[in-house]
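I have placed the structure first, in the form of structure tokens, so that the comments after it can refer back to it.
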Amino acid sequence: MEMQLHQLRYFVAVAEVRHFTQAADLVGITQPSLSKQIHALETDLGAPLFERVRGNITLTAAGEVLLPLAKRILADVETATREVQELVGLRRGRVRLGATPSLATSLAPPVLRRFRDAHPTVDLRVEEGGSQDLVRDLLRGDLDLALIIEPSAGTDPGLRADPILRESLVVASVDPLPGARDGELRITDLREQPLVMFREGYDLRDATLQACREAGFEPTLSVDGGEMDAVLSFVEAGLGVALVPGIVVARRAGIRVTRLAPPGVRRTIAVARRRDVVPTHAGRELRRILLEYVHDATATDQLPAGVEPL
């Protein structure tokens, strides 16, 4: 007996739709070809599988016995194929990670190092941008995962976002700021300070404007529309101050950092993916390693300055 997988697929298709022509369309072959393969299967099995009476197609006793077995065989083959493809995917696959500028330079590097050590042949692609840009790219399918800042209004319903960390914003400046007490500044003390502002699409822009407006004033902007490196360079040039994550200024010797007095401005970091797409094996593995790193860094007090676990 030389039963073929494609013959089982054709048999299951006919059994489900009870129509040879419709079944042929379903599996993508001509009706004569499908009938020929069903006949060959019946010959190999030594029993008819279908009764054809007055245009109605029903299963014979042999067909009733074969149907659940055929479905199980096809399901097992599909499972085996998927598992092997996913295994190969960790050898030759691809994973695309998005991250905000502060996270791309602090959290992402050690996570990607762990992933690279474990899976050296996977193609790693990283995109840096504001959270709004990263959310757009996730929804378009251009990214597999992204480290984003959860907006106060909530994440897009098309995404699954799991909070992992919380970070605090600080005031970056060149000179000491009037109003600072015990190394802390109130948001209202920024009323008279010119601010260097991030471009549209950066959640830092929204966070800064929201904090100032909740404190009762509209900020004065000295420069508007910068990326992270440009904003920090403008601050270093003395053009104004900026609200930034503490982790991005820790290594900038020319910038002074002033904490914000409680409650300050804090943001929730989340790892996000599309809700309606099953992650690839490589994507799941990167997410697992990310959560593992956060757990280990928390346990050993190795999280970046101004970042705390949730």
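By convention here, the chains of the structure tokens are called A, B, ... in the order presented, each chain's residues are numbered starting at 1, and ligands are numbered starting at 1 in the order presented.
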
Quick one: residues within 7 Å of Arg94 in chain A, only C-alpha atoms, excluding same-chain residues fewer than 3 positions away - as a ChimeraX atom specification? /A:122-124,282

File of the preceding selection, C-alpha atoms, as a PDB file, in the first residue's frame:
```pdb
ATOM      1  CA  VAL A 122      19.828  34.818  13.524  1.00  0.00           C
ATOM      2  CA  ASP A 123      19.578  38.096  11.615  1.00  0.00           C
ATOM      3  CA  LEU A 124      19.091  40.879  14.190  1.00  0.00           C
ATOM      4  CA  ALA A 282      13.008  33.854  17.140  1.00  0.00           C
TER       5      ALA A 282
END
```

Interface rows for range 46-149 of chain A against range 271-280 of chain A: nearest pair, Å to one decimal, 9 Å, only C-alpha atoms, as a tab-separated table:
```
residue	atom	partner	partner_atom	distance
A:Glu86	CA	A:Thr280	CA	7.3
A:Gly89	CA	A:Thr280	CA	8.0
A:Gly93	CA	A:Thr280	CA	8.9
A:Arg94	CA	A:Thr280	CA	8.9
A:Val95	CA	A:Thr280	CA	8.2
A:Val135	CA	A:Ala272	CA	8.3
A:Leu138	CA	A:Arg274	CA	6.3
A:Leu139	CA	A:Arg274	CA	6.3
A:Gly141	CA	A:Arg274	CA	7.9
A:Leu143	CA	A:Arg273	CA	8.1
A:Asp144	CA	A:Arg273	CA	6.2
A:Leu145	CA	A:Arg273	CA	5.0
A:Ala146	CA	A:Ala272	CA	5.3
A:Leu147	CA	A:Val271	CA	4.7
A:Ile148	CA	A:Val271	CA	6.4
A:Ile149	CA	A:Val271	CA	8.7
```

Residues within 12 Å of Leu195 in chain A, only C-alpha atoms, excluding chain neighbours under 2 positions, as number ranges by chain: A: 171-173, 189-193, 197-198, 205, 208-209, 212, 218-226, 231-232, 234-235, 238-244

Residues within 9 Å of Ile38 in chain A, please, as a list in words. Count only C-alpha atoms; anything in the same chain fewer than 3 positions from it doesn't count. Gln7, Leu8, Tyr10, Phe11, Ser33, Leu34, Ser35, Leu41, Glu42, Thr43 and Leu49 of chain A

Across A:Val248, A:Ile57, A:Ala40, A:Leu112, the smallest distance to Glu16 in chain A, with only C-alpha atoms counted, is shown by A:Ile57

Secondary structure check, strand (DSSP E or B) residues of range 131-294 of chain A, as a ChimeraX atom specification: /A:145-149,159-173,181,184-185,194-198,220-226,241-245,256-260,266-274

So which residues touch Gln132 in chain A within 8 Å, counting only C-alpha atoms, skipping near sequence neighbours fewer than 6 positions away, as a PyMOL selection string? chain A and resi 201-203

Suppose we keep N, CA and C atoms; can you now write the selection as a PDB file, in the first residue's frame?
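part24.pdb written:
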```pdb
ATOM      1  N   GLY A 201       6.155  62.742  17.554  1.00  0.00           N
ATOM      2  CA  GLY A 201       6.377  61.304  17.474  1.00  0.00           C
ATOM      3  C   GLY A 201       7.156  60.767  18.649  1.00  0.00           C
ATOM      4  N   TYR A 202       7.847  61.667  19.392  1.00  0.00           N
ATOM      5  CA  TYR A 202       8.569  61.264  20.594  1.00  0.00           C
ATOM      6  C   TYR A 202       7.620  61.369  21.783  1.00  0.00           C
ATOM      7  N   ASP A 203       7.506  60.287  22.540  1.00  0.00           N
ATOM      8  CA  ASP A 203       6.652  60.333  23.726  1.00  0.00           C
ATOM      9  C   ASP A 203       7.201  61.311  24.761  1.00  0.00           C
TER      10      ASP A 203
END
```

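Of the residues listed (A:Leu26, A:Val17, A:Val53, A:Ala270), A:Ala270 shows the shortest atom-to-atom separation from Thr155 in chain A; distances use only C-alpha atoms.
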
Pairwise distance for CA of Leu177 in chain A and CA of Arg259 in chain A, rounded to one decimal in Å: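 A separation of 11.1 Å between them.
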
Which of these, A:Leu286, A:Val12, A:Met3, A:Leu310, has the shortest distance to Leu74 in chain A once you count only C-alpha atoms?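 Going through A:Leu286, A:Val12, A:Met3, A:Leu310 one by one, the smallest distance to Leu74 in chain A is for A:Val12.
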
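Of the residues under consideration (A:Val27, A:Ala13, A:Leu107, A:Leu97), A:Leu97 shows the shortest atom-to-atom contact distance to Arg284 in chain A when counting only C-alpha atoms.
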
Proximity of range 110-141 of chain A to range 290-294 of chain A: per-residue shortest pair, 12 Å limit, only C-alpha atoms, as CSV:
```
residue,atom,partner,partner_atom,distance
A:Pro110,CA,A:Tyr293,CA,7.9
A:Val111,CA,A:Leu290,CA,5.6
A:Leu112,CA,A:Leu290,CA,8.3
A:Arg113,CA,A:Leu290,CA,10.5
A:Arg114,CA,A:Tyr293,CA,8.3
A:Phe115,CA,A:Leu290,CA,8.6
```

Considering only C-alpha atoms, state which residue in the set A:Gly46, A:Val170, A:Ser131, A:Pro176 is at the smallest distance from Pro262 in chain A.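 Residue with the minimum atom-to-atom distance to Pro262 in chain A: A:Val170.
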
Which is closest to Ile247 in chain A among A:Leu169, A:Val265, A:Ile29, A:Leu5, if we use only C-alpha atoms?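 Checking each candidate against Ile247 in chain A, we get A:Leu169 as the closest.
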